[in-house]
Amino acid sequence: GDVGYHGAEIRTPTLDQLAKRGVELNRYYTFAVCSPTRAALMTGRSSLETGVDAPIAKQETLPMEATLLPQHLKQLGYQTVMIGKWHLGESREEYAPHKRGFDYFYGFLGGFIDHYTHLSSGGQLDWQRNGKSVREEGYSTDLFTDDAIKQIKSRDKSKPLFMYLAYDAPHAPLQAPESVVQSYASISNPVRRTFAAMVDHNDTQIARVLAAVEAEGMANDTLIIWASDNGPPLPGGASAGGLRGDKASSFEGGQRVPAIVYWPGHLTGGKKLESVVSVLDWFPTLITAAGGKVPTDKRLVGHDVMSILAGAPQPAGVSMVLGNRVVNGAPGYYESAYQWPWKVLRAPTALV
């Protein structure tokens with residue numbers, strides 16, 4: 001409910017055009033909170049299996065025996081770059097992205113930071129480049145964009161590039177450039193007003209990244225995937241667009257999120273796809289698209305969905321289980337099992 005192409009009052013012209021030119025995933029699912037989704041993206045394994053079933057604690061990490069997506073792509077000759085939010089391990093350097101398959105990492109390791117001071121909730125600086133803390137002035141969205149453009153322009157042109165750009169906005173704390181906030185004066189709720197400004201400004205920065213891809217002559221040979229990592233926090237000014245539930249819930253509002261895939265010359269644009277795609281599917285889909293072979297590991301539960309993105313019908317019997325530990329202190333788990341088009345949900349009774 002927070003993108004223009006779904007009717008939001010928030011201006012997202014870049015994403016609107018991307019959805020118009022690409023494939024809009026109208027049934028795209030993630031885990032209901034951030035770390036489980038990111039763990040699934042990196043491993044292709046369910047976060048209920050890896051143990052990353054909640055926002056990850058400082059001392060925890062992804063299983064060290066897991067071979068992550070960037071490690072597979074490096075083996076296929078890719079240069080691998082990560083910029084932005086990691087939140088998959090921070091207490092030891094070997095947990096960090098630049099030690100787990102990324103040639104280059106610029107960003108922060110924890111769950112969230114102040115967008116201007118880059119301090120964590122504990123007041124510690126959480127801002128680094130390849131393991132070295134750096135102090136920089138500026139709004140995080142702008143700094144991530146600047147660095148992404150720099151990495152695109154300075155890439156090793158003898159290799160294909162994999163970039164994982166994980167913006168932290170519009171995650172709390174709610175902060176945005178004041179001029180953008182003022183442009184939403186028509187929104188009476190000040191929380192929603194600032195949230196809208198964060199999304200709006202993020203959209204303008206995505207436009208800068210796409211322009212750099214175009215200027216470098218990469219546009220016709222680059223697969224672009226844009227997606228949210230979990231449902232919206234309703235108390236934080238966000239909207240689920242009429243879906244039931246929000247972030248941390250296994251109702252549709254917590255797990256069904258906006259996503260777009262754009263790949264000129266490979267995928268026919270202008271489509272709204274109703275077939276089911278989940279975050280678990282990117283691991284096998286990207287490895288296969290890069291010319292690799294997906295490991296024969298029964299713990300990998302996603303599917304190569306490239307044919308579905310290209311317009312093939314949804315295979316019969318699509319099933320998946322998504323869930324996460326309740327993060328508000330309540331007992332039990334939020335879990336949802338899909339056997340398309342059916343869904344069964346298990347949640348603490350008080351929250352149903």
# chains A, B, ... in the order shown; residues from 1 in each chain; ligands from 1
call {"tool": "residues_around", "arguments": {"residues": "His171 (chain A)", "least_positions_apart": "4", "cutoff": "9 Å", "atoms": "only C-alpha atoms", "output": "list in words"}}
result
Phe112, Tyr167, Phe195, Met198, Pro233 and Gly236 of chain A
call {"tool": "residues_around", "arguments": {"residues": "region 270-273 of chain A", "least_positions_apart": "4", "cutoff": "6 Å", "atoms": "only C-alpha atoms", "output": "JSON, numbers by chain"}}
result
{"A": [20, 21, 22, 23, 24, 25, 26]}
call {"tool": "select_by_dssp", "arguments": {"residues": "region 62-176 of chain A", "states": "alpha helix (DSSP H)", "output": "number ranges by chain"}}
result
A: 69-75, 140-153
call {"tool": "atom_distance", "arguments": {"atom1": "CA of Pro55 (chain A)", "atom2": "CA of Ser35 (chain A)"}}
result
4.9 Å
call {"tool": "closest_residue", "arguments": {"among": "A:Pro264, A:Gly254, A:Pro235, A:Pro177", "to": "Glu214 (chain A)", "atoms": "only C-alpha atoms"}}
result
A:Pro264
call {"tool": "closest_residue", "arguments": {"among": "A:Glu216, A:Gln175, A:Val191, A:Val134", "to": "Lys150 (chain A)", "atoms": "only C-alpha atoms"}}
result
A:Glu216
call {"tool": "residues_around", "arguments": {"residues": "Phe162 (chain A)", "least_positions_apart": "4", "cutoff": "8 Å", "atoms": "only C-alpha atoms", "output": "list in words"}}
result
Pro70, Leu73, Tyr78, Gln79, Thr80 and Val81 of chain A
call {"tool": "closest_residue", "arguments": {"among": "A:Asp114, A:Glu90, A:Asp304, A:Asp2", "to": "Gly292 (chain A)", "atoms": "only C-alpha atoms"}}
result
A:Asp304
call {"tool": "closest_atom_pairs", "arguments": {"of": "region 131-250 of chain A", "to": "region 94-109 of chain A", "cutoff": "9 Å", "atoms": "only C-alpha atoms", "output": "JSON lines"}}
result
{"residue": "A:Gly131", "atom": "CA", "partner": "A:His98", "partner_atom": "CA", "distance": 7.5}
{"residue": "A:Ser140", "atom": "CA", "partner": "A:Gly107", "partner_atom": "CA", "distance": 8.7}
{"residue": "A:Phe144", "atom": "CA", "partner": "A:Gly107", "partner_atom": "CA", "distance": 7.4}
{"residue": "A:Asp147", "atom": "CA", "partner": "A:Tyr106", "partner_atom": "CA", "distance": 7.8}
{"residue": "A:Ala166", "atom": "CA", "partner": "A:Gly107", "partner_atom": "CA", "distance": 8.9}
call {"tool": "select_by_dssp", "arguments": {"residues": "region 73-299 of chain A", "states": "strand (DSSP E or B)", "output": "JSON, numbers by chain"}}
result
{"A": [79, 80, 81, 82, 83, 84, 85, 89, 104, 105, 106, 107, 108, 119, 125, 128, 129, 132, 133, 161, 162, 163, 164, 165, 166, 224, 225, 226, 227, 256, 259, 260, 261, 262, 271, 272, 273, 277, 278]}
call {"tool": "residues_around", "arguments": {"residues": "Leu15 (chain A)", "least_positions_apart": "5", "cutoff": "12 Å", "atoms": "only C-alpha atoms", "output": "ChimeraX atom specification"}}
result
/A:2-6,10,20-24,199-207,210,224-227,258-262
call {"tool": "residues_around", "arguments": {"residues": "region 36-47 of chain A", "least_positions_apart": "5", "cutoff": "7 Å", "atoms": "only C-alpha atoms", "output": "number ranges by chain"}}
result
A: 30-31, 52-54, 62, 66-69, 88, 229, 279-280, 282-283, 299-302
call {"tool": "closest_residue", "arguments": {"among": "A:Leu234, A:Leu125, A:Val321, A:Ala212", "to": "Ser154 (chain A)", "atoms": "only C-alpha atoms"}}
result
A:Ala212
call {"tool": "residues_around", "arguments": {"residues": "Glu274 (chain A)", "least_positions_apart": "6", "cutoff": "12 Å", "atoms": "only C-alpha atoms", "output": "VMD selection string"}}
result
chain A and resid 23 to 29 256 259 308 to 309 311 to 314 340 to 341
call {"tool": "write_last_selection", "arguments": {"atoms": "N, CA, C and O atoms", "output": "PDB file, in the first residue's frame"}}
result
ATOM      1  N   VAL A  23       7.890  -6.843 -14.974  1.00  0.00           N
ATOM      2  CA  VAL A  23       6.888  -7.796 -14.515  1.00  0.00           C
ATOM      3  C   VAL A  23       6.571  -7.489 -13.058  1.00  0.00           C
ATOM      4  O   VAL A  23       7.450  -7.573 -12.194  1.00  0.00           O
ATOM      5  N   GLU A  24       5.342  -7.113 -12.790  1.00  0.00           N
ATOM      6  CA  GLU A  24       4.911  -6.856 -11.418  1.00  0.00           C
ATOM      7  C   GLU A  24       4.499  -8.172 -10.778  1.00  0.00           C
ATOM      8  O   GLU A  24       3.636  -8.885 -11.299  1.00  0.00           O
ATOM      9  N   LEU A  25       5.112  -8.502  -9.659  1.00  0.00           N
ATOM     10  CA  LEU A  25       4.784  -9.734  -8.946  1.00  0.00           C
ATOM     11  C   LEU A  25       3.684  -9.426  -7.931  1.00  0.00           C
ATOM     12  O   LEU A  25       3.950  -8.831  -6.888  1.00  0.00           O
ATOM     13  N   ASN A  26       2.474  -9.813  -8.241  1.00  0.00           N
ATOM     14  CA  ASN A  26       1.347  -9.482  -7.383  1.00  0.00           C
ATOM     15  C   ASN A  26       1.129 -10.505  -6.286  1.00  0.00           C
ATOM     16  O   ASN A  26       0.338 -10.277  -5.376  1.00  0.00           O
ATOM     17  N   ARG A  27       1.804 -11.664  -6.383  1.00  0.00           N
ATOM     18  CA  ARG A  27       1.726 -12.687  -5.344  1.00  0.00           C
ATOM     19  C   ARG A  27       3.139 -13.066  -4.923  1.00  0.00           C
ATOM     20  O   ARG A  27       3.563 -14.212  -5.031  1.00  0.00           O
ATOM     21  N   TYR A  28       3.863 -12.064  -4.412  1.00  0.00           N
ATOM     22  CA  TYR A  28       5.239 -12.287  -3.979  1.00  0.00           C
ATOM     23  C   TYR A  28       5.271 -12.350  -2.460  1.00  0.00           C
ATOM     24  O   TYR A  28       4.717 -11.473  -1.779  1.00  0.00           O
ATOM     25  N   TYR A  29       5.931 -13.386  -1.915  1.00  0.00           N
ATOM     26  CA  TYR A  29       5.912 -13.628  -0.474  1.00  0.00           C
ATOM     27  C   TYR A  29       7.311 -13.649   0.129  1.00  0.00           C
ATOM     28  O   TYR A  29       8.274 -14.144  -0.478  1.00  0.00           O
ATOM     29  N   ARG A 256       2.940 -10.808   2.173  1.00  0.00           N
ATOM     30  CA  ARG A 256       2.748 -10.521   0.751  1.00  0.00           C
ATOM     31  C   ARG A 256       3.158  -9.076   0.497  1.00  0.00           C
ATOM     32  O   ARG A 256       2.535  -8.141   1.008  1.00  0.00           O
ATOM     33  N   ALA A 259       6.844  -6.361  -5.376  1.00  0.00           N
ATOM     34  CA  ALA A 259       8.093  -6.768  -6.020  1.00  0.00           C
ATOM     35  C   ALA A 259       7.961  -6.579  -7.527  1.00  0.00           C
ATOM     36  O   ALA A 259       6.863  -6.694  -8.081  1.00  0.00           O
ATOM     37  N   ILE A 308       8.311 -18.968 -15.140  1.00  0.00           N
ATOM     38  CA  ILE A 308       7.071 -18.344 -14.671  1.00  0.00           C
ATOM     39  C   ILE A 308       7.121 -16.836 -14.899  1.00  0.00           C
ATOM     40  O   ILE A 308       6.146 -16.221 -15.343  1.00  0.00           O
ATOM     41  N   LEU A 309       8.273 -16.240 -14.628  1.00  0.00           N
ATOM     42  CA  LEU A 309       8.421 -14.803 -14.875  1.00  0.00           C
ATOM     43  C   LEU A 309       8.248 -14.494 -16.357  1.00  0.00           C
ATOM     44  O   LEU A 309       7.775 -13.407 -16.726  1.00  0.00           O
ATOM     45  N   GLY A 311       6.215 -16.020 -18.293  1.00  0.00           N
ATOM     46  CA  GLY A 311       4.843 -16.206 -18.719  1.00  0.00           C
ATOM     47  C   GLY A 311       4.323 -17.618 -18.685  1.00  0.00           C
ATOM     48  O   GLY A 311       3.156 -17.857 -19.016  1.00  0.00           O
ATOM     49  N   ALA A 312       5.140 -18.598 -18.298  1.00  0.00           N
ATOM     50  CA  ALA A 312       4.666 -19.978 -18.208  1.00  0.00           C
ATOM     51  C   ALA A 312       3.629 -20.089 -17.089  1.00  0.00           C
ATOM     52  O   ALA A 312       3.668 -19.334 -16.117  1.00  0.00           O
ATOM     53  N   PRO A 313       2.688 -21.024 -17.216  1.00  0.00           N
ATOM     54  CA  PRO A 313       1.662 -21.158 -16.180  1.00  0.00           C
ATOM     55  C   PRO A 313       2.243 -21.637 -14.857  1.00  0.00           C
ATOM     56  O   PRO A 313       3.292 -22.282 -14.815  1.00  0.00           O
ATOM     57  N   GLN A 314       1.529 -21.301 -13.786  1.00  0.00           N
ATOM     58  CA  GLN A 314       1.924 -21.742 -12.452  1.00  0.00           C
ATOM     59  C   GLN A 314       1.850 -23.266 -12.367  1.00  0.00           C
ATOM     60  O   GLN A 314       0.816 -23.848 -12.680  1.00  0.00           O
ATOM     61  N   TRP A 340      -1.073 -23.893  -2.754  1.00  0.00           N
ATOM     62  CA  TRP A 340      -1.822 -22.925  -3.536  1.00  0.00           C
ATOM     63  C   TRP A 340      -3.057 -23.565  -4.200  1.00  0.00           C
ATOM     64  O   TRP A 340      -2.944 -24.645  -4.758  1.00  0.00           O
ATOM     65  N   PRO A 341      -4.271 -22.925  -4.089  1.00  0.00           N
ATOM     66  CA  PRO A 341      -4.530 -21.580  -3.555  1.00  0.00           C
ATOM     67  C   PRO A 341      -4.960 -21.557  -2.095  1.00  0.00           C
ATOM     68  O   PRO A 341      -5.579 -20.592  -1.648  1.00  0.00           O
TER      69      PRO A 341
END
call {"tool": "closest_residue", "arguments": {"among": "A:Val180, A:Val318, A:Ala19, A:Val257", "to": "Asn230 (chain A)", "atoms": "only C-alpha atoms"}}
result
A:Val257
call {"tool": "closest_residue", "arguments": {"among": "A:Val209, A:Asp168, A:Gly89, A:Val294", "to": "Ile152 (chain A)", "atoms": "only C-alpha atoms"}}
result
A:Val209
call {"tool": "decode", "arguments": {"residues": "region 156-167 of chain A", "atoms": "N, CA and C atoms", "output": "PDB file, in the first residue's frame"}}
result
ATOM      1  N   ASP A 156      34.931  -4.148 -12.402  1.00  0.00           N
ATOM      2  CA  ASP A 156      35.845  -4.889 -13.272  1.00  0.00           C
ATOM      3  C   ASP A 156      35.058  -5.297 -14.518  1.00  0.00           C
ATOM      4  N   LYS A 157      35.300  -4.611 -15.620  1.00  0.00           N
ATOM      5  CA  LYS A 157      34.501  -4.833 -16.825  1.00  0.00           C
ATOM      6  C   LYS A 157      34.777  -6.170 -17.493  1.00  0.00           C
ATOM      7  N   SER A 158      35.763  -6.896 -16.997  1.00  0.00           N
ATOM      8  CA  SER A 158      36.023  -8.228 -17.540  1.00  0.00           C
ATOM      9  C   SER A 158      35.131  -9.278 -16.894  1.00  0.00           C
ATOM     10  N   LYS A 159      34.366  -8.870 -15.873  1.00  0.00           N
ATOM     11  CA  LYS A 159      33.502  -9.806 -15.152  1.00  0.00           C
ATOM     12  C   LYS A 159      32.065  -9.289 -15.125  1.00  0.00           C
ATOM     13  N   PRO A 160      31.089 -10.194 -15.053  1.00  0.00           N
ATOM     14  CA  PRO A 160      29.723  -9.749 -14.791  1.00  0.00           C
ATOM     15  C   PRO A 160      29.618  -9.296 -13.335  1.00  0.00           C
ATOM     16  N   LEU A 161      28.639  -8.457 -13.059  1.00  0.00           N
ATOM     17  CA  LEU A 161      28.496  -7.852 -11.729  1.00  0.00           C
ATOM     18  C   LEU A 161      27.213  -8.320 -11.053  1.00  0.00           C
ATOM     19  N   PHE A 162      27.330  -8.746  -9.798  1.00  0.00           N
ATOM     20  CA  PHE A 162      26.179  -8.996  -8.939  1.00  0.00           C
ATOM     21  C   PHE A 162      26.212  -7.957  -7.833  1.00  0.00           C
ATOM     22  N   MET A 163      25.176  -7.128  -7.753  1.00  0.00           N
ATOM     23  CA  MET A 163      25.093  -6.120  -6.694  1.00  0.00           C
ATOM     24  C   MET A 163      23.827  -6.342  -5.877  1.00  0.00           C
ATOM     25  N   TYR A 164      24.010  -6.428  -4.570  1.00  0.00           N
ATOM     26  CA  TYR A 164      22.912  -6.523  -3.609  1.00  0.00           C
ATOM     27  C   TYR A 164      22.852  -5.177  -2.896  1.00  0.00           C
ATOM     28  N   LEU A 165      21.890  -4.354  -3.282  1.00  0.00           N
ATOM     29  CA  LEU A 165      21.733  -2.997  -2.740  1.00  0.00           C
ATOM     30  C   LEU A 165      20.548  -3.017  -1.789  1.00  0.00           C
ATOM     31  N   ALA A 166      20.827  -3.007  -0.494  1.00  0.00           N
ATOM     32  CA  ALA A 166      19.797  -3.176   0.532  1.00  0.00           C
ATOM     33  C   ALA A 166      19.612  -1.868   1.305  1.00  0.00           C
ATOM     34  N   TYR A 167      18.756  -1.011   0.764  1.00  0.00           N
ATOM     35  CA  TYR A 167      18.462   0.261   1.445  1.00  0.00           C
ATOM     36  C   TYR A 167      17.830  -0.001   2.812  1.00  0.00           C
TER      37      TYR A 167
END
